[in-house]
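**Student:** Got a structure for you, questions after.
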Amino acid sequence: MNNPPAAPTLPADFNDFLGNTPAVESLRTAIAAGRLPHSLILSGPSGAGKYTLALMLAMAVECERQPRDLWSNGQSLAGFCGRCHNCTRIASAANLEELVAAAVIAREDLRETDKKDTRVLIQPHPDVLILPPDPPQLLIKLGQVRTLIQRAHYLPAEAPRRIFILTSTNMMKEAANSLLKILEEPPDTVHIIILAENPGELLPTIRSRCASVRLGALPLDEIEGLLITRRPEIPPPQRALIARLSQGAAGRALSFDLDAYTAARADALILIKYAAGAPITKPGAPSQTVSSSEVGYDHTALFKMTETYRAGADGQAKTTALLRAFSLLLEDLLLLDAGTPELVRNIDLRPELERLAQTLPFAWIERASHAADQVQSGLRRNLLRSLSLDAFAAQLAGAP
Ligand SMILES: [Zn+2]
C-alpha cells in the first residue's frame with residue numbers, strides 16, 4: 001500500500017536537519033571554536049535524528065574544507081562540504097542497519113573460533129569508528145569498547161580527530177565499566193559520542209563525565225507538514241495516524257512502515273483482548289467475566305499468534321515491534337482513563353480502545369507495562385522468544 005521508505009541518506013547540510021535548531025547550532029558553534037566536548041551524550045527519542053546528527057558532526061570535525069556559516073553577530077558555525085574524501089567516507093555510514101547486517105553476515109562466514117571473538121564494528125573512515133549493539137543480544141560488548149580504547153590512544157591517521165560513536169546505551173556491565181575509564185581522561189584528539197534514547201540507562205558515573213545535548217520531539221503539525229512534502233503518496237488519514245505514532249521524531253515519521261506497524265499492533269491487540277476477556281474486573285464492578293464475543297477472549301487466536309514468534313534475529317525484531325505497539329496501546333488506554341482522548345495516538349482504533357479502557361483497570365495497565373519491560377530485557381539476554389511471549393500472555397491474563 002505504501003511505498004517502502006528510501007534508504008537513509010544524510011542531509012546535504014545542517015540547515016536540512018529537521019528540528020532542534022538551537023541544539024544543532026550550539027554544537028556547530030562548539031566545533032567552529034574547537035570546543036566540541038570530548039565526551040558527549042546525544043539523547044532523544046528513536047527517529048529524532050541522533051545518528052544522522054552524529055555523522056554530520058563527525059563530518060564537520062573532519063571535513064578537509066572546514067566551511068563556516070557566519071552570523072551577523074560574528075558567530076561562526078561549523079559546516080561540512082559533503083564532497084571531500086573525509087566527508088564522503090563518513091557519509092557512507094548513513095545506512096547503519098544495512099552495514100550492521102553485512103557485518104553480521106561476514107561474521108557468520110568466519111571459523112567458529114574466530115566468530116566468538118569478532119564484534120560488529122563499522123569503520124567508514126580510518127579515524128571514525130561506530131559501535132552498534134552487537135547482535136543477537138544487541139548489547140555493546142567489552143570487545144567493542146576495548147577496540148575503542150586501543151584506537152583512542154593512537155593519533156588520528158588522516159583526519160584532525162578520532163571519533164567514536166556508540167549507537168546505544170545497552171551495554172554489558174564490563175563494557176560500561178571499561179568505557180568509564182577512557183571517559184575519565186579522554187585523549188585530546190578523541191571525541192566519543194554516545195547516542196541515548198534514555199540516558200538514565202547509562203551509569204551515573206558515565207553521565208557525569210559527558211556533556212549532554214537533547215534532541216526534543218517535533219510538534220504534530222510540523223511532522224504532518226513534513227509528511228505532506230516528503231511522502232505525498234500517503235493518504236491523509238494514514239498521514240494523521242503516522243504523525244501521531246511517530247511521537248515527534250522526524251526520521252521515524254518519514255520511514256514509518258504503517259503496514260508493519262499495523263501487523264504488530266494486531267498481535268498486541270490479541271494479547272490485550274485476551275487479558276481483557278480473562279476474569280479481570282474494575283474494582284467495584286460486579287465480578288463477572290466479560291463475554292468472549294464482546295472483547296474477543298480467544299485462546300486459539302493467542303496460540304496461533306505467539307507461535308509465529310520464533311527465536312533468532314527475525315523473531316527478536318518482530319517481538320520488539322510487537323512490544324512497541326503494545327506499549328503505545330497501553331499509553332492510549334491510560335490517556336482514555338485520564339480523560340484526555342484527544343491525545344490518543346492510535347486514532348483509527350479509538351472506539352475499540354474506549355471499550356477496552358472500560359474493562360481493564362489501571363492496575364492491570366501498570367502491571368502489563370512492567371511485564372512488557374521484562375520481556376524486552378529478556379530479549380536482550382537472548383531468551384527463547386516464543387516461550388517468553390506465552391508466559392507474557394499468561395501473566396497479562398492474571399494466571400499464576
Ligand atoms: Zn568535506
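Residue numbering restarts at 1 in every chain; chains get A, B, ... in the order shown in the C-alpha cells, and ligands count up from 1 in that same order.
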List all protein, DNA and RNA residues that have any atom at most 8 Å from ligand 1, counting only C-alpha atoms and all ligand atoms, and write the list as a PyMOL selection string.
**Tutor:** chain A and resi 59-60+62-66+80-88
**Student:** Extract, using only C-alpha atoms, all DNA, RNA and protein residues at most 12 Å from Gln123 (chain A), discarding same-chain residues fewer than 6 positions from it, and format them as a ChimeraX atom specification.
**Tutor:** /A:89-94,96,99-100,103,129-132,147-148,151,162-165
**Student:** Can I get the selection written as a compact mmCIF listing (two decimals), in the first residue's frame, with N, CA, C and O atoms?
**Tutor:**
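As a result, out.txt now contains:
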```txt
# COMPACT_ATOMS: atom_id res chain seq x y z
N ARG A 89 33.53 9.54 2.91
CA ARG A 89 33.69 8.26 3.60
C ARG A 89 32.80 8.18 4.84
O ARG A 89 32.16 7.15 5.10
N ILE A 90 32.74 9.27 5.61
CA ILE A 90 31.87 9.25 6.80
C ILE A 90 30.41 9.09 6.39
O ILE A 90 29.66 8.32 6.97
N ALA A 91 30.03 9.83 5.32
CA ALA A 91 28.62 9.76 4.87
C ALA A 91 28.24 8.36 4.39
O ALA A 91 27.06 8.00 4.39
N SER A 92 29.24 7.56 4.03
CA SER A 92 28.93 6.21 3.55
C SER A 92 28.36 5.33 4.66
O SER A 92 27.86 4.24 4.39
N ALA A 93 28.42 5.80 5.90
CA ALA A 93 27.87 5.01 7.02
C ALA A 93 26.42 5.38 7.32
O ALA A 93 25.88 4.96 8.34
N ALA A 94 25.79 6.15 6.42
CA ALA A 94 24.43 6.63 6.71
C ALA A 94 23.44 5.49 6.95
O ALA A 94 22.61 5.56 7.83
N LEU A 96 23.09 2.62 8.58
CA LEU A 96 23.71 1.78 9.62
C LEU A 96 23.14 0.37 9.63
O LEU A 96 23.89 -0.61 9.74
N LEU A 99 24.72 -1.78 7.03
CA LEU A 99 26.12 -2.07 7.33
C LEU A 99 26.25 -3.11 8.43
O LEU A 99 27.10 -4.01 8.37
N VAL A 100 25.39 -3.00 9.44
CA VAL A 100 25.44 -3.97 10.53
C VAL A 100 25.04 -5.35 10.01
O VAL A 100 25.70 -6.36 10.30
N ALA A 103 27.91 -6.82 8.21
CA ALA A 103 28.97 -7.24 9.14
C ALA A 103 28.60 -8.55 9.83
O ALA A 103 29.45 -9.41 10.07
N LEU A 129 35.02 5.41 14.07
CA LEU A 129 34.60 4.05 14.38
C LEU A 129 33.22 4.09 15.03
O LEU A 129 32.99 4.85 15.96
N ILE A 130 32.33 3.25 14.50
CA ILE A 130 30.95 3.22 15.02
C ILE A 130 30.74 1.90 15.74
O ILE A 130 31.05 0.83 15.22
N LEU A 131 30.23 1.99 16.98
CA LEU A 131 29.99 0.80 17.79
C LEU A 131 28.48 0.60 17.95
O LEU A 131 27.86 1.25 18.78
N PRO A 132 27.88 -0.29 17.14
CA PRO A 132 26.46 -0.59 17.33
C PRO A 132 26.31 -1.70 18.37
O PRO A 132 27.28 -2.41 18.65
N THR A 147 38.39 -2.23 21.70
CA THR A 147 38.89 -1.71 20.42
C THR A 147 38.89 -0.18 20.44
O THR A 147 39.85 0.46 20.00
N LEU A 148 37.81 0.38 20.95
CA LEU A 148 37.72 1.84 21.05
C LEU A 148 38.91 2.39 21.85
O LEU A 148 39.62 3.30 21.40
N ARG A 151 42.29 2.10 20.05
CA ARG A 151 42.47 3.05 18.95
C ARG A 151 42.51 4.49 19.43
O ARG A 151 43.14 5.35 18.80
N ARG A 162 40.04 11.66 16.14
CA ARG A 162 39.44 10.32 16.11
C ARG A 162 38.06 10.41 16.74
O ARG A 162 37.90 10.97 17.82
N ILE A 163 37.07 9.89 16.05
CA ILE A 163 35.69 9.98 16.54
C ILE A 163 35.11 8.59 16.71
O ILE A 163 35.23 7.73 15.83
N PHE A 164 34.49 8.38 17.88
CA PHE A 164 33.83 7.10 18.16
C PHE A 164 32.37 7.37 18.45
O PHE A 164 32.04 8.26 19.22
N ILE A 165 31.50 6.61 17.80
CA ILE A 165 30.06 6.79 18.01
C ILE A 165 29.48 5.49 18.55
O ILE A 165 29.53 4.45 17.87
```
**Student:** Could you name the residues that touch Ile41 (chain A) at 6 Å or less, counting only C-alpha atoms, but leaving out those on the same chain fewer than 2 positions away, as a ChimeraX atom specification?
**Tutor:** /A:193-195,212
**Student:** With distances taken over only C-alpha atoms, which residue among A:Gly251, A:Pro135, A:Asp188, A:Leu271 lies nearest Pro11 (chain A)?
**Tutor:** A:Gly251
**Student:** Which residues are near Ala240 (chain A)? Cut-off 12 Å, only C-alpha atoms, ignore same chain within fewer than 6 positions. Put them as a PyMOL selection string.
**Tutor:** chain A and resi 220-228+234+246-247+253+258+344-348
**Student:** Take the residues from that selection and write them out as a CSV table (one decimal), in the first residue's frame, keeping all heavy atoms.
**Tutor:**
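Full text of out.csv as output:
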```csv
chain,number,residue,atom,x,y,z
A,220,LEU,N,3.3,18.0,16.4
A,220,LEU,CA,2.5,17.2,15.5
A,220,LEU,C,2.3,17.9,14.1
A,220,LEU,O,2.5,17.2,13.1
A,220,LEU,CB,1.1,17.0,16.1
A,220,LEU,CG,0.2,15.9,15.6
A,220,LEU,CD1,0.9,14.5,15.6
A,220,LEU,CD2,-1.1,15.8,16.3
A,221,ASP,N,2.0,19.2,14.1
A,221,ASP,CA,1.7,19.8,12.8
A,221,ASP,C,3.0,19.9,11.9
A,221,ASP,O,2.9,19.8,10.7
A,221,ASP,CB,1.1,21.2,13.0
A,221,ASP,CG,1.9,22.1,13.8
A,221,ASP,OD1,2.8,21.6,14.5
A,221,ASP,OD2,1.6,23.3,13.8
A,222,GLU,N,4.2,20.0,12.6
A,222,GLU,CA,5.4,20.0,11.8
A,222,GLU,C,5.7,18.7,11.2
A,222,GLU,O,6.1,18.6,10.0
A,222,GLU,CB,6.6,20.4,12.8
A,222,GLU,CG,7.3,21.7,12.4
A,222,GLU,CD,8.4,22.0,13.4
A,222,GLU,OE1,9.5,21.5,13.2
A,222,GLU,OE2,8.1,22.8,14.3
A,223,ILE,N,5.4,17.6,11.9
A,223,ILE,CA,5.6,16.3,11.4
A,223,ILE,C,4.6,16.0,10.2
A,223,ILE,O,5.0,15.5,9.2
A,223,ILE,CB,5.3,15.2,12.5
A,223,ILE,CG1,6.4,15.4,13.6
A,223,ILE,CG2,5.4,13.8,11.9
A,223,ILE,CD1,7.7,14.7,13.4
A,224,GLU,N,3.3,16.5,10.4
A,224,GLU,CA,2.4,16.3,9.3
A,224,GLU,C,2.8,17.0,8.1
A,224,GLU,O,2.7,16.5,6.9
A,224,GLU,CB,1.0,16.7,9.7
A,224,GLU,CG,0.3,15.7,10.6
A,224,GLU,CD,-1.2,15.7,10.4
A,224,GLU,OE1,-1.7,15.5,9.3
A,224,GLU,OE2,-1.9,16.0,11.4
A,225,GLY,N,3.3,18.3,8.3
A,225,GLY,CA,3.8,19.1,7.1
A,225,GLY,C,4.9,18.4,6.4
A,225,GLY,O,5.0,18.4,5.2
A,226,LEU,N,5.8,17.8,7.2
A,226,LEU,CA,7.0,17.1,6.7
A,226,LEU,C,6.5,15.9,5.8
A,226,LEU,O,7.0,15.7,4.7
A,226,LEU,CB,7.8,16.6,7.8
A,226,LEU,CG,9.2,16.0,7.6
A,226,LEU,CD1,10.0,17.1,7.0
A,226,LEU,CD2,9.7,15.5,8.9
A,227,LEU,N,5.5,15.2,6.3
A,227,LEU,CA,5.0,14.0,5.6
A,227,LEU,C,4.3,14.5,4.3
A,227,LEU,O,4.5,13.8,3.2
A,227,LEU,CB,4.0,13.3,6.4
A,227,LEU,CG,4.6,12.4,7.5
A,227,LEU,CD1,3.5,12.0,8.5
A,227,LEU,CD2,5.3,11.2,7.0
A,228,ILE,N,3.7,15.6,4.3
A,228,ILE,CA,3.0,16.1,3.1
A,228,ILE,C,4.0,16.4,2.0
A,228,ILE,O,3.9,16.0,0.8
A,228,ILE,CB,2.2,17.4,3.4
A,228,ILE,CG1,1.0,17.1,4.3
A,228,ILE,CG2,1.7,18.1,2.1
A,228,ILE,CD1,0.2,18.3,4.8
A,234,ILE,N,1.2,9.2,0.7
A,234,ILE,CA,0.4,8.7,1.9
A,234,ILE,C,-0.9,9.5,2.0
A,234,ILE,O,-0.9,10.7,2.1
A,234,ILE,CB,1.2,8.8,3.2
A,234,ILE,CG1,2.5,8.0,3.1
A,234,ILE,CG2,0.4,8.3,4.4
A,234,ILE,CD1,3.4,8.1,4.3
A,246,SER,N,4.5,8.5,15.3
A,246,SER,CA,6.0,8.7,15.3
A,246,SER,C,6.4,9.6,16.5
A,246,SER,O,7.6,9.8,16.6
A,246,SER,CB,6.4,9.2,14.0
A,246,SER,OG,5.7,10.4,13.7
A,247,GLN,N,5.5,10.0,17.3
A,247,GLN,CA,5.9,10.7,18.5
A,247,GLN,C,6.9,11.8,18.4
A,247,GLN,O,7.8,11.9,19.2
A,247,GLN,CB,6.3,9.7,19.6
A,247,GLN,CG,5.3,8.7,19.9
A,247,GLN,CD,5.8,7.5,20.8
A,247,GLN,OE1,6.4,6.6,20.3
A,247,GLN,NE2,5.6,7.7,22.1
A,253,ALA,N,8.9,9.3,11.5
A,253,ALA,CA,7.7,9.6,10.6
A,253,ALA,C,8.0,9.3,9.2
A,253,ALA,O,7.2,8.6,8.5
A,253,ALA,CB,7.3,11.0,10.8
A,258,LEU,N,3.7,1.7,7.9
A,258,LEU,CA,2.4,1.5,8.6
A,258,LEU,C,1.9,0.1,8.5
A,258,LEU,O,1.3,-0.4,9.5
A,258,LEU,CB,1.4,2.5,7.9
A,258,LEU,CG,0.1,2.7,8.7
A,258,LEU,CD1,0.4,3.2,10.1
A,258,LEU,CD2,-0.8,3.7,8.0
A,344,VAL,N,-5.0,10.5,22.2
A,344,VAL,CA,-4.8,9.1,21.7
A,344,VAL,C,-4.0,9.1,20.4
A,344,VAL,O,-4.3,9.9,19.5
A,344,VAL,CB,-6.2,8.4,21.6
A,344,VAL,CG1,-6.1,7.2,20.8
A,344,VAL,CG2,-6.7,8.1,23.0
A,345,ARG,N,-3.1,8.1,20.3
A,345,ARG,CA,-2.3,8.0,19.0
A,345,ARG,C,-2.9,7.1,18.0
A,345,ARG,O,-2.9,7.4,16.8
A,345,ARG,CB,-0.9,7.6,19.4
A,345,ARG,CG,-0.1,8.6,20.3
A,345,ARG,CD,1.3,8.4,20.2
A,345,ARG,NE,2.0,9.3,21.0
A,345,ARG,CZ,2.4,9.1,22.3
A,345,ARG,NH1,2.1,7.9,22.8
A,345,ARG,NH2,3.0,10.0,23.0
A,346,ASN,N,-3.4,6.0,18.5
A,346,ASN,CA,-4.0,5.0,17.5
A,346,ASN,C,-5.4,5.5,17.2
A,346,ASN,O,-6.4,4.8,17.6
A,346,ASN,CB,-4.0,3.6,18.1
A,346,ASN,CG,-2.5,3.1,18.3
A,346,ASN,OD1,-1.9,2.6,17.3
A,346,ASN,ND2,-2.0,3.1,19.5
A,347,ILE,N,-5.5,6.6,16.5
A,347,ILE,CA,-6.8,7.2,16.4
A,347,ILE,C,-7.8,6.3,15.6
A,347,ILE,O,-9.0,6.4,15.8
A,347,ILE,CB,-6.7,8.6,15.7
A,347,ILE,CG1,-5.7,8.6,14.5
A,347,ILE,CG2,-6.4,9.7,16.6
A,347,ILE,CD1,-5.6,9.8,13.8
A,348,ASP,N,-7.3,5.5,14.7
A,348,ASP,CA,-8.2,4.6,13.9
A,348,ASP,C,-8.8,3.5,14.8
A,348,ASP,O,-9.8,2.9,14.4
A,348,ASP,CB,-7.4,4.0,12.8
A,348,ASP,CG,-6.2,3.2,13.2
A,348,ASP,OD1,-5.6,3.6,14.2
A,348,ASP,OD2,-5.8,2.2,12.6
```
**Student:** May I ask which of the residues A:Gly248, A:Gly143, A:Pro187, A:Pro160 is the closest one to Glu174 (chain A), counting only C-alpha atoms?
**Tutor:**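 Residue with the minimum atom-to-atom distance to Glu174 (chain A): A:Gly143.
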**Student:** Taking 2 positions as the minimum chain separation for residues in the same chain, which residues sit within 7 Å of region 351-358 of chain A when counting only C-alpha atoms? Answer as number ranges by chain.
**Tutor:** A: 333, 336-337, 349, 360
**Student:** Suppose we keep N, CA and C atoms; can you now write the selection as a PDB file, in the first residue's frame?
**Tutor:**
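The result, written out as again11.pdb:
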```pdb
ATOM      1  N   LEU A 333      -4.654   3.628  26.305  1.00  0.00           N
ATOM      2  CA  LEU A 333      -5.649   3.240  27.317  1.00  0.00           C
ATOM      3  C   LEU A 333      -5.542   4.165  28.529  1.00  0.00           C
ATOM      4  N   LEU A 336      -7.086   7.503  27.742  1.00  0.00           N
ATOM      5  CA  LEU A 336      -8.550   7.432  27.810  1.00  0.00           C
ATOM      6  C   LEU A 336      -9.005   7.412  29.270  1.00  0.00           C
ATOM      7  N   ASP A 337      -8.288   6.656  30.089  1.00  0.00           N
ATOM      8  CA  ASP A 337      -8.571   6.598  31.527  1.00  0.00           C
ATOM      9  C   ASP A 337      -8.456   7.979  32.167  1.00  0.00           C
ATOM     10  N   LEU A 349      -8.285   3.286  15.998  1.00  0.00           N
ATOM     11  CA  LEU A 349      -8.829   2.233  16.869  1.00  0.00           C
ATOM     12  C   LEU A 349      -9.585   2.796  18.062  1.00  0.00           C
ATOM     13  N   LEU A 360     -10.396  -2.787  31.413  1.00  0.00           N
ATOM     14  CA  LEU A 360      -9.097  -3.039  32.037  1.00  0.00           C
ATOM     15  C   LEU A 360      -8.776  -1.988  33.093  1.00  0.00           C
TER      16      LEU A 360
END
```
**Student:** Skip Leu269 (chain A) itself and residues of its chain fewer than 4 positions away, then list as a PyMOL selection string all residues within 9 Å of it, counting only C-alpha atoms.
**Tutor:** chain A and resi 264-265+273-274+325-326+329
**Student:** Output C-alpha atoms for every residue in the selection just made, as an mmCIF file, in the first residue's frame.
**Tutor:**
```cif
data_model
loop_
_atom_site.group_PDB
_atom_site.id
_atom_site.type_symbol
_atom_site.label_atom_id
_atom_site.label_comp_id
_atom_site.auth_asym_id
_atom_site.auth_seq_id
_atom_site.Cartn_x
_atom_site.Cartn_y
_atom_site.Cartn_z
ATOM 1 C CA ALA A 264 2.444 -5.826 15.057
ATOM 2 C CA ARG A 265 -0.428 -3.889 16.599
ATOM 3 C CA LYS A 273 -8.096 -8.651 24.382
ATOM 4 C CA TYR A 274 -7.058 -11.993 25.766
ATOM 5 C CA ALA A 325 2.883 -1.411 19.523
ATOM 6 C CA PHE A 326 1.753 -2.926 22.811
ATOM 7 C CA LEU A 329 -1.765 0.851 23.004
#
```
**Student:** From region 145-335 of chain A, collect each residue whose DSSP state is helix (DSSP H, G or I) and return the set as a ChimeraX atom specification.
**Tutor:** /A:145-152,173-184,199-201,204-207,220-230,236-245,250-254,258-277,292-295,299-307,313-335
**Student:** What does the structure give for the distance between CA of Asp16 (chain A) and CA of Met56 (chain A), in Å to one decimal?
**Tutor:**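 Between CA of Asp16 (chain A) and CA of Met56 (chain A) the gap is 11.0 Å.
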**Student:** Need the shell around Ala48 (chain A): protein/DNA/RNA residues with any atom at most 8 Å away, counting only C-alpha atoms. Skip same-chain ones fewer than 6 positions apart. Format as a count of residues only?
**Tutor:** 8
